[in-house]
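What follows is one structure encoded as structure tokens, with my remarks underneath.
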Amino acid sequence: MFGKKKNAAVAVEAAIEGRDVAALVLRATLGPMLFAHGYNKVAGPGGLAGTTGWFESLGLKPAEVHARLAAGTEMAAGVGIALGLANPLPAAATVGLMSVAAQTDHKGKGFFVFKGGWEYTAIVGGAAVALAALGNGKYSVDGLIGRKKSGLRPALFAAGVGVANAALLMKLCYKPEPKPDETVEA
């Protein structure tokens, strides 16, 4: 009987180690990518002025505030995710960012990102929710300080708060220019 209990304990320990490694790999890919996207909004070829112009064309008002907010949020969420800090808050920020991007820049362009579609935003948002559910693991700041949030509640928090904040932002600040009527009456 002792051998079965020992084997079960080893299996549980291996599963936990696998979750910790999976969380580390997910954080190490998602976090730096988000940070790079935010940094590019500030220091990329067009700089903050280019990002502001882009946001203006998308209909986000005031565009300069949203350019700074998006860049800062992406960088902060990227750092939080990479370090494994304060789960599920960086995941919620990521879901919010991706929800706004899907409704502005990617809307009406189909699924595939190479055609401007929403594929990328869905994958990044889904990965953030998955990370919130998985938790940051022991190889993280949260792990070092003994903060272990994982499961359904953090995932629902990330998804719910992210989508709710995006909906509020869109309601208050999304004011695209009306498109000219393309129908021609004869």
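Starting from 1 in every chain, residues are counted up; chains themselves are A, B, ... following the order of the structure tokens, and ligands are numbered from 1 as listed.
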Counting only C-alpha atoms, what is within 8 Å of Leu97 (chain A), bar same-chain residues fewer than 6 positions away, as a PDB file with all heavy atoms, in the first residue's frame?
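Generated output (part.pdb):
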```
ATOM      1  N   ALA A  70      -2.656  52.971 -24.088  1.00  0.00           N
ATOM      2  CA  ALA A  70      -2.441  51.648 -24.688  1.00  0.00           C
ATOM      3  C   ALA A  70      -0.980  51.222 -24.564  1.00  0.00           C
ATOM      4  O   ALA A  70      -0.687  50.087 -24.185  1.00  0.00           O
ATOM      5  CB  ALA A  70      -2.876  51.646 -26.151  1.00  0.00           C
ATOM      6  N   THR A  73      -0.187  50.508 -20.855  1.00  0.00           N
ATOM      7  CA  THR A  73      -0.863  49.294 -20.394  1.00  0.00           C
ATOM      8  C   THR A  73      -0.207  48.058 -20.978  1.00  0.00           C
ATOM      9  O   THR A  73      -0.003  47.065 -20.269  1.00  0.00           O
ATOM     10  CB  THR A  73      -2.362  49.341 -20.738  1.00  0.00           C
ATOM     11  OG1 THR A  73      -2.935  50.505 -20.148  1.00  0.00           O
ATOM     12  CG2 THR A  73      -3.084  48.103 -20.230  1.00  0.00           C
ATOM     13  N   GLU A  74       0.142  48.102 -22.264  1.00  0.00           N
ATOM     14  CA  GLU A  74       0.819  46.946 -22.865  1.00  0.00           C
ATOM     15  C   GLU A  74       2.164  46.684 -22.210  1.00  0.00           C
ATOM     16  O   GLU A  74       2.506  45.533 -21.934  1.00  0.00           O
ATOM     17  CB  GLU A  74       1.013  47.155 -24.375  1.00  0.00           C
ATOM     18  CG  GLU A  74      -0.157  46.699 -25.192  1.00  0.00           C
ATOM     19  CD  GLU A  74       0.060  46.842 -26.677  1.00  0.00           C
ATOM     20  OE1 GLU A  74       0.560  47.889 -27.127  1.00  0.00           O
ATOM     21  OE2 GLU A  74      -0.288  45.893 -27.401  1.00  0.00           O
ATOM     22  N   GLY A 162     -11.569  42.462 -18.156  1.00  0.00           N
ATOM     23  CA  GLY A 162     -11.003  42.928 -19.426  1.00  0.00           C
ATOM     24  C   GLY A 162     -12.070  43.339 -20.420  1.00  0.00           C
ATOM     25  O   GLY A 162     -12.024  44.437 -20.993  1.00  0.00           O
ATOM     26  N   ALA A 166     -13.101  47.191 -21.623  1.00  0.00           N
ATOM     27  CA  ALA A 166     -13.062  47.503 -23.053  1.00  0.00           C
ATOM     28  C   ALA A 166     -14.411  48.038 -23.517  1.00  0.00           C
ATOM     29  O   ALA A 166     -14.478  49.013 -24.277  1.00  0.00           O
ATOM     30  CB  ALA A 166     -12.676  46.260 -23.853  1.00  0.00           C
TER      31      ALA A 166
END
```
> If you count only C-alpha atoms, which residues fall within 10 Å of Lys138 (chain A), apart from same-chain ones fewer than 4 positions away, as a PyMOL selection string?
Replying inline: chain A and resi 16-17+19-21+23-24+84+142-148
File of the preceding selection, C-alpha atoms, as a PDB file, in the first residue's frame:
```pdb
ATOM      1  CA  ILE A  16       2.554  20.468 -10.402  1.00  0.00           C
ATOM      2  CA  GLU A  17       6.064  20.850 -11.819  1.00  0.00           C
ATOM      3  CA  ARG A  19       2.088  23.384 -14.558  1.00  0.00           C
ATOM      4  CA  ASP A  20       4.870  25.587 -13.203  1.00  0.00           C
ATOM      5  CA  VAL A  21       6.975  25.052 -16.321  1.00  0.00           C
ATOM      6  CA  ALA A  23       3.195  28.898 -16.801  1.00  0.00           C
ATOM      7  CA  LEU A  24       6.825  29.996 -17.124  1.00  0.00           C
ATOM      8  CA  GLY A  84       4.590  36.533 -12.876  1.00  0.00           C
ATOM      9  CA  ASP A 142       3.915  35.582  -7.074  1.00  0.00           C
ATOM     10  CA  GLY A 143       5.451  32.148  -6.421  1.00  0.00           C
ATOM     11  CA  LEU A 144       8.341  33.643  -4.467  1.00  0.00           C
ATOM     12  CA  ILE A 145       6.015  35.567  -2.147  1.00  0.00           C
ATOM     13  CA  GLY A 146       3.588  32.665  -1.744  1.00  0.00           C
ATOM     14  CA  ARG A 147       0.738  34.258  -3.715  1.00  0.00           C
ATOM     15  CA  LYS A 148      -0.983  31.427  -5.542  1.00  0.00           C
TER      16      LYS A 148
END
```
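Nearest to Arg27 (chain A) of all the residues A:Ala93, A:Ala43, A:Leu85, A:Met170 is A:Leu85, counting only C-alpha atoms.
Of the listed residues A:Gly38, A:Pro176, A:Pro32, A:Gly117, the one whose atoms come nearest to Leu83 (chain A) is A:Pro32, with distances taken using only C-alpha atoms.
Close contacts of Phe55 (chain A), defined as residues with an atom at most 9 Å away when counting only C-alpha atoms, with chain neighbours fewer than 5 positions off set aside, comprise A:Gly50, A:Leu60, A:Lys61, A:Pro62, A:Ala63, A:Glu64, A:His66, A:Ala67, A:Asp105.
Nearest to Ala132 (chain A) of all the residues A:Leu26, A:Ala36, A:Val79, A:Val42 is A:Leu26, counting only C-alpha atoms.
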> Quick one: of A:Ala76, A:Ala128, A:Ala122, A:Val65, who's nearest to Gly53 (chain A), counting only C-alpha atoms?
Replying inline: A:Val65
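When only C-alpha atoms are used to compute distances to Gly126 (chain A), the closest of the residues A:Pro90, A:Met98, A:Arg68, A:Val113 turns out to be A:Met98.
Every protein or nucleic acid residue with an atom no more than 12 Å from Thr104 (chain A), counting only C-alpha atoms and leaving out same-chain residues fewer than 3 positions away, appears here: Trp54, Phe55, Glu56, Ser57, Leu58, Gly59, Leu60, Leu97, Met98, Ser99, Val100, Ala101, Lys107, Gly108, Lys109, Gly116, Gly117, Trp118, Thr121, Ala166, Ala167, Leu169, Met170, Cys173, Tyr174, Lys175 and Pro176 of chain A.
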